[in-house]
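Report on the structure given below.
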There are 4 protein chains.
Amino acid sequence: MRAARLHEYTEEMADALTIEDVPRPEIGASDQVVVEVEGAGWCQTDNHIIEGMWEPYADQSLPMTLGHENAGTVVEVGDEVTTVDVGDSVICHPVRTCGTCRACRLGEDMYCENSAFSGLDADGGFAEYLLTSERATITLDDVEPVDIAPHADAGITAYHAAKKATRELVPGDYCVLVGIGGLGHIGLQAVDAMSAARTIAVDVKDDALALADSLGADHLVNPGDEDVAEAVEAITDGRGAAQLLDFVGADETTDLAPDVVAPGGDHHVVGYGGHVHRPAQDLVNGEFSYQGNLVGTYTELQELVALVEQGEIHLTTSEYDLSDINEVAAKLERNELEGRAVIRP
Amino acid sequence: MRAARLHEYTEEMADALTIEDVPRPEIGASDQVVVEVEGAGWCQTDNHIIEGMWEPYADQSLPMTLGHENAGTVVEVGDEVTTVDVGDSVICHPVRTCGTCRACRLGEDMYCENSAFSGLDADGGFAEYLLTSERATITLDDVEPVDIAPHADAGITAYHAAKKATRELVPGDYCVLVGIGGLGHIGLQAVDAMSAARTIAVDVKDDALALADSLGADHLVNPGDEDVAEAVEAITDGRGAAQLLDFVGADETTDLAPDVVAPGGDHHVVGYGGHVHRPAQDLVNGEFSYQGNLVGTYTELQELVALVEQGEIHLTTSEYDLSDINEVAAKLERNELEGRAVIRP
Amino acid sequence: MRAARLHEYTEEMADALTIEDVPRPEIGASDQVVVEVEGAGWCQTDNHIIEGMWEPYADQSLPMTLGHENAGTVVEVGDEVTTVDVGDSVICHPVRTCGTCRACRLGEDMYCENSAFSGLDADGGFAEYLLTSERATITLDDVEPVDIAPHADAGITAYHAAKKATRELVPGDYCVLVGIGGLGHIGLQAVDAMSAARTIAVDVKDDALALADSLGADHLVNPGDEDVAEAVEAITDGRGAAQLLDFVGADETTDLAPDVVAPGGDHHVVGYGGHVHRPAQDLVNGEFSYQGNLVGTYTELQELVALVEQGEIHLTTSEYDLSDINEVAAKLERNELEGRAVIRP
Amino acid sequence: MRAARLHEYTEEMADALTIEDVPRPEIGASDQVVVEVEGAGWCQTDNHIIEGMWEPYADQSLPMTLGHENAGTVVEVGDEVTTVDVGDSVICHPVRTCGTCRACRLGEDMYCENSAFSGLDADGGFAEYLLTSERATITLDDVEPVDIAPHADAGITAYHAAKKATRELVPGDYCVLVGIGGLGHIGLQAVDAMSAARTIAVDVKDDALALADSLGADHLVNPGDEDVAEAVEAITDGRGAAQLLDFVGADETTDLAPDVVAPGGDHHVVGYGGHVHRPAQDLVNGEFSYQGNLVGTYTELQELVALVEQGEIHLTTSEYDLSDINEVAAKLERNELEGRAVIRP
């Protein structure tokens, strides 16, 4: 089958991946599943993987097929699989988990001690077929695989952070969302659907703010035009934002917390474009947290699929052939993609 | 009355405060209370205040009487006070709160919008008498004011952080405590009393580790002798610590989180001796938080007093005259104090 | 001033209260407030009080002016009041609380140990003027007192229960609401605003179900037409409802829990028209709770006012003169009131 | 192999079960495990099963081997089992769970939609061998199977309830425990280990109170000697108990909540000897809950094993041969057992 594979880390996106023929994956255990990929979302993290930024964190062995936002049709199942069947449309959680370690047993399957992460430390979905497992597949009823694929990572990561934030939000509170891109525009809709808090969208791009506006953001702030801390102070009548979702994670955005987050609030670090760097006294004085955010769990992907099927989350995507994959990588690097790119292998 | 006052910020502890005569405070509102101070704990934060480190955070007007860990006997009450009476032994929460702002109404009185913090932005207890209010006093039944005074700040700060940590701890988990000094040795006892987690005490001083050992710490680690991350990995069988209480807050101690804190865990920043400085990707990959910690609330001081009266928290103190106060400041600066110093005005 | 007062418990609503002249209340403490009442909602609990049903629970001394859902204009304030002023439009939380007991300090002011509950154990708002306190008043910005008065009890009771339920609800879950009357139709809107759960409205009256439908309920069930447990099983695909809000609290409605509430879920008992009566084994087998619900706190009334001012909660009211008050009582007894009755003294 | 089986429901304990030869269970799926039973605890629920009390709740098919508190040595494993091995000492969670339904994925495996409960709806451990699965076994390091077997149900049920209670308890609070028998004496130790709350043990038997006393209960109340509500009021200085663990679940014990449980508190229904029967108004007025409690989850059994291995929970057991099993049933019925009976097949 054809697959887009990374052979060595590089800063050159234009020829980062090689399209080549590799063997179709085979079922090797009773709970495994092979999916014919119909859509595989391209993600900023793919660029980071290509650059080697995940090499210190993940056990990567090159060459590797990238692609962690996958959806398609089941074509083969292991002999003890009961919850999905050949022919089912599915979205694939990016992580195959063991189901027996304590983290899995707690439902915290993103902390699985024996996991394989498609496209990060195992072959992913920029290929005709993907090897995954029953524990990583969710059957789709009312939505096409290609339309939902990016939710497999971008979606649940944004949802996961938004869910944590909304647990703390009450009516009258404000939630700041920094970066209304692929993840941010999902997070905004999730906060709206799951809380009555008012939202303040922050982005340096007016297009992104226009998108936020169309999705119902209550306030828009462009840091190029005004000081974010002053704007939030004015909007919130001096109270600050109870929660801040930072989909950028750059030095300048993590610097916002001391001036923007209300006492006792949280600055959720979702993007990872830079550093957190503040005096400990800032955290003590304002009693806020910097809260790291990983991909959401399997059950959170179920919840997100429910939101999508209820019509509460809309996603803008554009489709590309597998052969155009390096062009997609390069475009994202130059910040030229509109909406989420989905590769159709 | 005599009071120890700060006239200007200085690095010179040996003559930082001036002992002088000032008018005894008067009752000015129906809920106010005047306390004859019997014990006032000296705190690292007093050194920080003298150095001007709180000037950017607090609305300070010099000269000011320091002292925020106060206990004594009520000598005068406002005409609508009902819960304390003249002659009562009391411990004083350092913050006088308004009781009407939303934070106070939520029970989060440390976020009071109209607060006065004794010894930080209002006159404190290194004086014969202290002006405070009904909302800041807790009656003592079975303990002497001078023996409990340091709990008014050091105690509830440690308790507050320990309470947050224990909410997340289950049997089988590990809690790392970094810095077994004034706050740390209280935090250790609080974690033991309120959870079944095993504790790992970390300190560069063997004396501090000996104290931790005598208070029941399950494991002791001296960073001078071994790598903390490796030691925790070995002790926890590779799982990491579910919670970390950092009573130091230096660059080196906040650096521990990525390697020591288990996925989903928290690094509680209690001390503020340096910076938090890590790549955002660390927080994302490990999904941990840096959680700032302020002083505990009034109700938490009630809970801590209950723990003390139940005999679950022991405190080592040494007593000093008001006239020796600059010597205490200098000793703490040189790290020469044994236990907590309590000033007897 | 004129006031509607209860002189003895009775089952006869048609002449339950006496309209009479009583002295206007006077400020007696530094935090007290006198409000000229512009609207006072009539509540099912008023009927229950008249019948003597609260006599075993509350310290009532007759005669007493009823009325616990009050809003109006401040006409006089105690000399230490700072957060409201003469001329302000306010809604009054029904409970004057002390602010110093542990419950108040925790923010759980409904458990205040020194409270006075207007119209339940102290004179209420079916009168020209109401004595209340700073801690019980919330200033209104964008809404008329007469339009919001019923939220002072019906509203926050429904909101309080809905808030607890939504804390447990995730997308994909179902919430059953039993009884879409005065409280229920507020609860339904609150669940919608604060969660992405789907709602199932249950009522024996088709009018009530029509109201639920117009307010966005996802499913409607009339127990006269179909078995509620079977209907919920079909709607939820056998999973049951994660949360159930019971605004009726009759024997038949509390009986629903074992068959309707999903394992680990909660049956919130808001109305109190009958008994909870089930084998303990039912609770064990289904691991559900019967969760009692009292009036919401002061801060919850703030949150509800925010929801109302954001336009997320709509209330249908009809206005009556003070002289018609017994007619209102009788109409409610006969189930003939449309929307919430507001008395205009 | 020999097994003790129930052929028909009966009130006659003295010959309830038949000892007979049945085939040894065989591995039928890749994750199954066969355990040679070394200890199987006898539980009040076994008596209830014999009486047919679980027939309406569970899908029972007679004859069935009882026994749901099992521990022993692994003798055979399915071909994809990785976490236990032949020869390992294990304790068996009573429920084999599917690992793929949403409840399992959330970590709430007691709500598994495809479960088999040993000795309740599948053959249990009053037999030489037990068929179970990898997901139901926990390896033991420092404790003998026969000494820990009763924790597989009695233990985790008590632990599960105690864990929920301690999440709500703070220093200064009181926890009432009703019934200091098999479950209650474990619950008492768990509350002590996991919180700093003070405990009030309630039992009609002085022996049980003596056991509570030896295990560190702070107060003892015998309902035969004094009114429980008055005793708790006196002990708690009128505040009531923040949490109540009811290991009896009889009409008289569930009646305690309105007078004993503090506002906002919980009455945990663990035993199921009778009914919950109170006016809804009681729940509303006191805002307490009746909280049903099922067996704890797999991860809670891991936590309990950690507590046992740390020496924080002690269990009194007496051992019996399989042939004496009906005698054990009859003794428990007559309330003549001392400690927990463990059958040695």
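By order of appearance in the structure tokens: chains A, B, ..., then residues from 1 within every chain, and ligands from 1 in the order shown.
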With the cut-off set at 9 Å and counting only C-alpha atoms, tabulate each residue of chain C with an atom at most that distance from an atom of chain A, showing the nearest atom pair and its distance in Å to one decimal, ordered by chain and increasing number, as CSV.
```
residue,atom,partner,partner_atom,distance
C:Lys163,CA,A:Val170,CA,8.7
C:Thr166,CA,A:Met194,CA,8.9
C:Arg167,CA,A:Arg167,CA,6.7
C:Val170,CA,A:Glu303,CA,6.9
C:Pro171,CA,A:Glu303,CA,5.0
C:Gly172,CA,A:Ala306,CA,5.3
C:Asp173,CA,A:Glu303,CA,8.7
C:Ala190,CA,A:Ala196,CA,8.8
C:Asp192,CA,A:Ala193,CA,8.6
C:Ala193,CA,A:Ala196,CA,5.4
C:Met194,CA,A:Ser195,CA,4.2
C:Ser195,CA,A:Met194,CA,4.2
C:Ala196,CA,A:Met194,CA,5.1
C:Ala197,CA,A:Met194,CA,8.3
C:Glu300,CA,A:Pro171,CA,8.9
C:Gln302,CA,A:Gly172,CA,8.0
C:Glu303,CA,A:Pro171,CA,5.0
C:Leu304,CA,A:Pro171,CA,7.1
C:Val305,CA,A:Gly172,CA,8.6
C:Ala306,CA,A:Gly172,CA,5.3
C:Leu307,CA,A:Pro171,CA,6.0
C:Gln310,CA,A:Gly172,CA,8.8
C:Glu312,CA,A:Ala196,CA,8.4
```
Print the selection's residues with C-alpha atoms to a file, as a PDB file, in the first residue's frame.
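Now in part02.pdb:
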```
ATOM      1  CA  LYS C 163     -25.876  23.414  38.786  1.00  0.00           C
ATOM      2  CA  THR C 166     -24.623  19.826  35.276  1.00  0.00           C
ATOM      3  CA  ARG C 167     -21.377  19.338  37.225  1.00  0.00           C
ATOM      4  CA  VAL C 170     -21.029  15.346  29.850  1.00  0.00           C
ATOM      5  CA  PRO C 171     -21.975  15.476  26.178  1.00  0.00           C
ATOM      6  CA  GLY C 172     -23.926  12.362  25.261  1.00  0.00           C
ATOM      7  CA  ASP C 173     -25.601  12.193  28.684  1.00  0.00           C
ATOM      8  CA  ALA C 190     -30.316  26.326  33.331  1.00  0.00           C
ATOM      9  CA  ASP C 192     -29.406  23.870  28.665  1.00  0.00           C
ATOM     10  CA  ALA C 193     -27.280  26.932  29.318  1.00  0.00           C
ATOM     11  CA  MET C 194     -24.730  25.143  31.476  1.00  0.00           C
ATOM     12  CA  SER C 195     -24.268  21.782  29.765  1.00  0.00           C
ATOM     13  CA  ALA C 196     -24.446  20.000  26.432  1.00  0.00           C
ATOM     14  CA  ALA C 197     -26.562  17.173  27.836  1.00  0.00           C
ATOM     15  CA  GLU C 300     -25.764  31.296  43.228  1.00  0.00           C
ATOM     16  CA  GLN C 302     -25.556  36.287  41.677  1.00  0.00           C
ATOM     17  CA  GLU C 303     -24.912  33.644  39.039  1.00  0.00           C
ATOM     18  CA  LEU C 304     -28.590  33.334  38.224  1.00  0.00           C
ATOM     19  CA  VAL C 305     -28.926  37.105  37.878  1.00  0.00           C
ATOM     20  CA  ALA C 306     -26.008  36.925  35.423  1.00  0.00           C
ATOM     21  CA  LEU C 307     -27.851  34.253  33.430  1.00  0.00           C
ATOM     22  CA  GLN C 310     -27.421  37.484  29.599  1.00  0.00           C
ATOM     23  CA  GLU C 312     -30.480  32.799  29.002  1.00  0.00           C
TER      24      GLU C 312
END
```
DSSP-assigned strand (DSSP E or B) members of stretch 128-270 of chain B, reported as a PDB file with N, CA, C and O atoms, in the first residue's frame:
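Generated file (selection_19.pdb):
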```
ATOM      1  N   TYR B 129      -0.068  45.616  70.769  1.00  0.00           N
ATOM      2  CA  TYR B 129      -1.485  45.417  70.424  1.00  0.00           C
ATOM      3  C   TYR B 129      -1.664  45.380  68.913  1.00  0.00           C
ATOM      4  O   TYR B 129      -0.921  46.031  68.164  1.00  0.00           O
ATOM      5  N   LEU B 130      -2.666  44.632  68.487  1.00  0.00           N
ATOM      6  CA  LEU B 130      -2.969  44.484  67.065  1.00  0.00           C
ATOM      7  C   LEU B 130      -4.437  44.796  66.823  1.00  0.00           C
ATOM      8  O   LEU B 130      -5.307  44.294  67.538  1.00  0.00           O
ATOM      9  N   LEU B 131      -4.684  45.606  65.808  1.00  0.00           N
ATOM     10  CA  LEU B 131      -6.067  45.836  65.387  1.00  0.00           C
ATOM     11  C   LEU B 131      -6.441  44.779  64.365  1.00  0.00           C
ATOM     12  O   LEU B 131      -5.767  44.631  63.342  1.00  0.00           O
ATOM     13  N   THR B 132      -7.515  44.077  64.654  1.00  0.00           N
ATOM     14  CA  THR B 132      -7.978  43.082  63.707  1.00  0.00           C
ATOM     15  C   THR B 132      -9.509  43.098  63.713  1.00  0.00           C
ATOM     16  O   THR B 132     -10.095  44.100  64.132  1.00  0.00           O
ATOM     17  N   SER B 133     -10.149  42.030  63.237  1.00  0.00           N
ATOM     18  CA  SER B 133     -11.607  42.055  63.190  1.00  0.00           C
ATOM     19  C   SER B 133     -12.163  40.683  63.558  1.00  0.00           C
ATOM     20  O   SER B 133     -11.440  39.683  63.572  1.00  0.00           O
ATOM     21  N   THR B 137     -10.518  36.383  63.661  1.00  0.00           N
ATOM     22  CA  THR B 137     -10.108  35.778  64.931  1.00  0.00           C
ATOM     23  C   THR B 137     -10.776  34.426  65.141  1.00  0.00           C
ATOM     24  O   THR B 137     -11.943  34.237  64.815  1.00  0.00           O
ATOM     25  N   ILE B 138      -9.990  33.506  65.681  1.00  0.00           N
ATOM     26  CA  ILE B 138     -10.498  32.174  66.027  1.00  0.00           C
ATOM     27  C   ILE B 138     -10.148  31.910  67.485  1.00  0.00           C
ATOM     28  O   ILE B 138      -8.982  32.020  67.874  1.00  0.00           O
ATOM     29  N   THR B 139     -11.167  31.565  68.257  1.00  0.00           N
ATOM     30  CA  THR B 139     -10.968  31.317  69.686  1.00  0.00           C
ATOM     31  C   THR B 139     -10.217  30.001  69.901  1.00  0.00           C
ATOM     32  O   THR B 139     -10.471  29.014  69.212  1.00  0.00           O
ATOM     33  N   TYR B 174       2.385   8.339  45.954  1.00  0.00           N
ATOM     34  CA  TYR B 174       3.481   8.987  46.654  1.00  0.00           C
ATOM     35  C   TYR B 174       3.341  10.501  46.570  1.00  0.00           C
ATOM     36  O   TYR B 174       2.927  11.035  45.537  1.00  0.00           O
ATOM     37  N   CYS B 175       3.723  11.174  47.664  1.00  0.00           N
ATOM     38  CA  CYS B 175       3.760  12.636  47.690  1.00  0.00           C
ATOM     39  C   CYS B 175       5.172  13.076  48.031  1.00  0.00           C
ATOM     40  O   CYS B 175       5.707  12.692  49.075  1.00  0.00           O
ATOM     41  N   VAL B 176       5.775  13.863  47.133  1.00  0.00           N
ATOM     42  CA  VAL B 176       7.104  14.412  47.399  1.00  0.00           C
ATOM     43  C   VAL B 176       6.948  15.770  48.082  1.00  0.00           C
ATOM     44  O   VAL B 176       6.127  16.589  47.666  1.00  0.00           O
ATOM     45  N   LEU B 177       7.715  15.996  49.139  1.00  0.00           N
ATOM     46  CA  LEU B 177       7.734  17.304  49.814  1.00  0.00           C
ATOM     47  C   LEU B 177       9.154  17.838  49.749  1.00  0.00           C
ATOM     48  O   LEU B 177      10.078  17.205  50.288  1.00  0.00           O
ATOM     49  N   VAL B 178       9.325  18.980  49.120  1.00  0.00           N
ATOM     50  CA  VAL B 178      10.650  19.564  48.932  1.00  0.00           C
ATOM     51  C   VAL B 178      10.840  20.729  49.901  1.00  0.00           C
ATOM     52  O   VAL B 178      10.088  21.709  49.846  1.00  0.00           O
ATOM     53  N   ARG B 198       2.152   7.605  50.737  1.00  0.00           N
ATOM     54  CA  ARG B 198       3.495   7.550  51.272  1.00  0.00           C
ATOM     55  C   ARG B 198       4.241   8.833  50.918  1.00  0.00           C
ATOM     56  O   ARG B 198       3.994   9.415  49.860  1.00  0.00           O
ATOM     57  N   THR B 199       5.143   9.256  51.790  1.00  0.00           N
ATOM     58  CA  THR B 199       5.797  10.550  51.621  1.00  0.00           C
ATOM     59  C   THR B 199       7.282  10.383  51.339  1.00  0.00           C
ATOM     60  O   THR B 199       7.939   9.489  51.877  1.00  0.00           O
ATOM     61  N   ILE B 200       7.791  11.264  50.493  1.00  0.00           N
ATOM     62  CA  ILE B 200       9.224  11.328  50.180  1.00  0.00           C
ATOM     63  C   ILE B 200       9.687  12.739  50.513  1.00  0.00           C
ATOM     64  O   ILE B 200       9.257  13.698  49.868  1.00  0.00           O
ATOM     65  N   ALA B 201      10.513  12.873  51.545  1.00  0.00           N
ATOM     66  CA  ALA B 201      10.994  14.186  51.973  1.00  0.00           C
ATOM     67  C   ALA B 201      12.329  14.484  51.292  1.00  0.00           C
ATOM     68  O   ALA B 201      13.226  13.641  51.290  1.00  0.00           O
ATOM     69  N   VAL B 202      12.430  15.679  50.721  1.00  0.00           N
ATOM     70  CA  VAL B 202      13.642  16.091  50.008  1.00  0.00           C
ATOM     71  C   VAL B 202      14.183  17.360  50.652  1.00  0.00           C
ATOM     72  O   VAL B 202      13.445  18.339  50.824  1.00  0.00           O
ATOM     73  N   HIS B 219      10.289   8.099  53.049  1.00  0.00           N
ATOM     74  CA  HIS B 219      11.564   8.067  52.341  1.00  0.00           C
ATOM     75  C   HIS B 219      12.236   9.429  52.466  1.00  0.00           C
ATOM     76  O   HIS B 219      11.550  10.458  52.518  1.00  0.00           O
ATOM     77  N   LEU B 220      13.567   9.447  52.483  1.00  0.00           N
ATOM     78  CA  LEU B 220      14.343  10.682  52.607  1.00  0.00           C
ATOM     79  C   LEU B 220      15.299  10.777  51.425  1.00  0.00           C
ATOM     80  O   LEU B 220      15.965   9.784  51.097  1.00  0.00           O
ATOM     81  N   VAL B 221      15.381  11.933  50.812  1.00  0.00           N
ATOM     82  CA  VAL B 221      16.293  12.121  49.687  1.00  0.00           C
ATOM     83  C   VAL B 221      17.048  13.436  49.873  1.00  0.00           C
ATOM     84  O   VAL B 221      16.432  14.496  50.033  1.00  0.00           O
ATOM     85  N   ALA B 241       5.671  10.622  41.299  1.00  0.00           N
ATOM     86  CA  ALA B 241       4.905  11.088  42.457  1.00  0.00           C
ATOM     87  C   ALA B 241       3.611  11.739  41.978  1.00  0.00           C
ATOM     88  O   ALA B 241       3.637  12.603  41.111  1.00  0.00           O
ATOM     89  N   ALA B 242       2.514  11.324  42.559  1.00  0.00           N
ATOM     90  CA  ALA B 242       1.227  11.887  42.156  1.00  0.00           C
ATOM     91  C   ALA B 242       1.146  13.378  42.475  1.00  0.00           C
ATOM     92  O   ALA B 242       0.518  14.149  41.744  1.00  0.00           O
ATOM     93  N   GLN B 243       1.783  13.793  43.557  1.00  0.00           N
ATOM     94  CA  GLN B 243       1.752  15.187  43.969  1.00  0.00           C
ATOM     95  C   GLN B 243       3.123  15.581  44.490  1.00  0.00           C
ATOM     96  O   GLN B 243       3.827  14.765  45.089  1.00  0.00           O
ATOM     97  N   LEU B 244       3.483  16.854  44.270  1.00  0.00           N
ATOM     98  CA  LEU B 244       4.749  17.382  44.767  1.00  0.00           C
ATOM     99  C   LEU B 244       4.463  18.725  45.435  1.00  0.00           C
ATOM    100  O   LEU B 244       3.868  19.616  44.814  1.00  0.00           O
ATOM    101  N   LEU B 245       4.869  18.851  46.693  1.00  0.00           N
ATOM    102  CA  LEU B 245       4.720  20.113  47.418  1.00  0.00           C
ATOM    103  C   LEU B 245       6.086  20.764  47.505  1.00  0.00           C
ATOM    104  O   LEU B 245       6.998  20.230  48.140  1.00  0.00           O
ATOM    105  N   ASP B 246       6.223  21.910  46.877  1.00  0.00           N
ATOM    106  CA  ASP B 246       7.518  22.580  46.767  1.00  0.00           C
ATOM    107  C   ASP B 246       7.522  23.799  47.690  1.00  0.00           C
ATOM    108  O   ASP B 246       6.990  24.848  47.345  1.00  0.00           O
ATOM    109  N   VAL B 261       7.029  14.305  38.672  1.00  0.00           N
ATOM    110  CA  VAL B 261       5.578  14.276  38.851  1.00  0.00           C
ATOM    111  C   VAL B 261       4.953  13.310  37.842  1.00  0.00           C
ATOM    112  O   VAL B 261       5.249  13.362  36.644  1.00  0.00           O
ATOM    113  N   ALA B 262       4.093  12.429  38.333  1.00  0.00           N
ATOM    114  CA  ALA B 262       3.403  11.462  37.466  1.00  0.00           C
ATOM    115  C   ALA B 262       2.447  12.197  36.530  1.00  0.00           C
ATOM    116  O   ALA B 262       1.985  13.298  36.832  1.00  0.00           O
ATOM    117  N   PRO B 263       2.112  11.567  35.392  1.00  0.00           N
ATOM    118  CA  PRO B 263       1.165  12.201  34.468  1.00  0.00           C
ATOM    119  C   PRO B 263      -0.128  12.568  35.193  1.00  0.00           C
ATOM    120  O   PRO B 263      -0.650  11.771  35.980  1.00  0.00           O
ATOM    121  N   GLY B 264      -0.610  13.780  34.945  1.00  0.00           N
ATOM    122  CA  GLY B 264      -1.839  14.223  35.594  1.00  0.00           C
ATOM    123  C   GLY B 264      -1.633  14.787  36.981  1.00  0.00           C
ATOM    124  O   GLY B 264      -2.587  15.236  37.609  1.00  0.00           O
ATOM    125  N   GLY B 265      -0.388  14.805  37.457  1.00  0.00           N
ATOM    126  CA  GLY B 265      -0.112  15.269  38.809  1.00  0.00           C
ATOM    127  C   GLY B 265       0.109  16.768  38.901  1.00  0.00           C
ATOM    128  O   GLY B 265       0.020  17.492  37.905  1.00  0.00           O
ATOM    129  N   ASP B 266       0.415  17.220  40.099  1.00  0.00           N
ATOM    130  CA  ASP B 266       0.578  18.655  40.342  1.00  0.00           C
ATOM    131  C   ASP B 266       1.862  18.950  41.099  1.00  0.00           C
ATOM    132  O   ASP B 266       2.226  18.232  42.022  1.00  0.00           O
ATOM    133  N   HIS B 267       2.506  20.024  40.686  1.00  0.00           N
ATOM    134  CA  HIS B 267       3.666  20.574  41.391  1.00  0.00           C
ATOM    135  C   HIS B 267       3.176  21.850  42.077  1.00  0.00           C
ATOM    136  O   HIS B 267       2.955  22.872  41.418  1.00  0.00           O
ATOM    137  N   HIS B 268       2.981  21.780  43.386  1.00  0.00           N
ATOM    138  CA  HIS B 268       2.440  22.924  44.126  1.00  0.00           C
ATOM    139  C   HIS B 268       3.564  23.885  44.499  1.00  0.00           C
ATOM    140  O   HIS B 268       4.482  23.507  45.227  1.00  0.00           O
ATOM    141  N   VAL B 269       3.481  25.085  43.999  1.00  0.00           N
ATOM    142  CA  VAL B 269       4.516  26.094  44.224  1.00  0.00           C
ATOM    143  C   VAL B 269       4.136  26.902  45.465  1.00  0.00           C
ATOM    144  O   VAL B 269       3.272  27.781  45.405  1.00  0.00           O
TER     145      VAL B 269
END
```
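Straight-line separation from atom CA of C:Ala29 to atom CA of C:Thr100: 15.2 Å.
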Show me, as an NGL selection string, the residues that have an atom within 7 Å of C:Asp121 when counting only C-alpha atoms, minus same-chain residues fewer than 5 positions from it. :C and (58-60 or 116)
Export, as a short mmCIF file (atom, residue, chain, number, x, y, z; two decimals), in the first residue's frame, the selected residues with N, CA and C atoms.
```
data_model
loop_
_atom_site.label_atom_id
_atom_site.label_comp_id
_atom_site.auth_asym_id
_atom_site.auth_seq_id
_atom_site.Cartn_x
_atom_site.Cartn_y
_atom_site.Cartn_z
N ALA C 58 -39.16 24.91 61.05
CA ALA C 58 -38.73 26.30 61.21
C ALA C 58 -39.28 26.87 62.51
N ASP C 59 -38.60 27.86 63.02
CA ASP C 59 -39.00 28.49 64.28
C ASP C 59 -39.96 29.63 63.97
N GLN C 60 -41.22 29.27 63.75
CA GLN C 60 -42.20 30.27 63.31
C GLN C 60 -42.98 30.82 64.50
N ALA C 116 -32.10 34.36 59.39
CA ALA C 116 -33.52 34.72 59.42
C ALA C 116 -34.01 34.58 58.00
#
```
Give me, as a count of residues only, the residues of stretch 97-249 of chain D that a backbone DSSP run labels helix (DSSP H, G or I). 61
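The interatomic distance for the pair atom CA of D:Gln189 and atom CA of D:Val260 works out to 21.3 Å.
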Within 12 Å of B:Pro94 using only C-alpha atoms, minus same-chain residues under 4 positions, as a PyMOL selection string: chain B and resi 40-41+66-71+109-110+115-125+130-133+135-138+149-157+295-298+301
Need the shell around stretch 203-208 of chain D: protein/DNA/RNA residues with any atom at most 10 Å away, counting only C-alpha atoms. Skip same-chain ones fewer than 6 positions apart. Format as an MDAnalysis selection string? chainID D and resid 177:182 184:185 214 220:225 228 248 338
For D:Glu327: contacts at 12 Å, only C-alpha atoms, fewer than 5 positions along chain excluded, given as JSON, numbers by chain: {"D": [12, 13, 14, 15, 16, 17, 42, 47, 320, 321, 322, 332, 333, 334, 336, 337, 341, 343]}
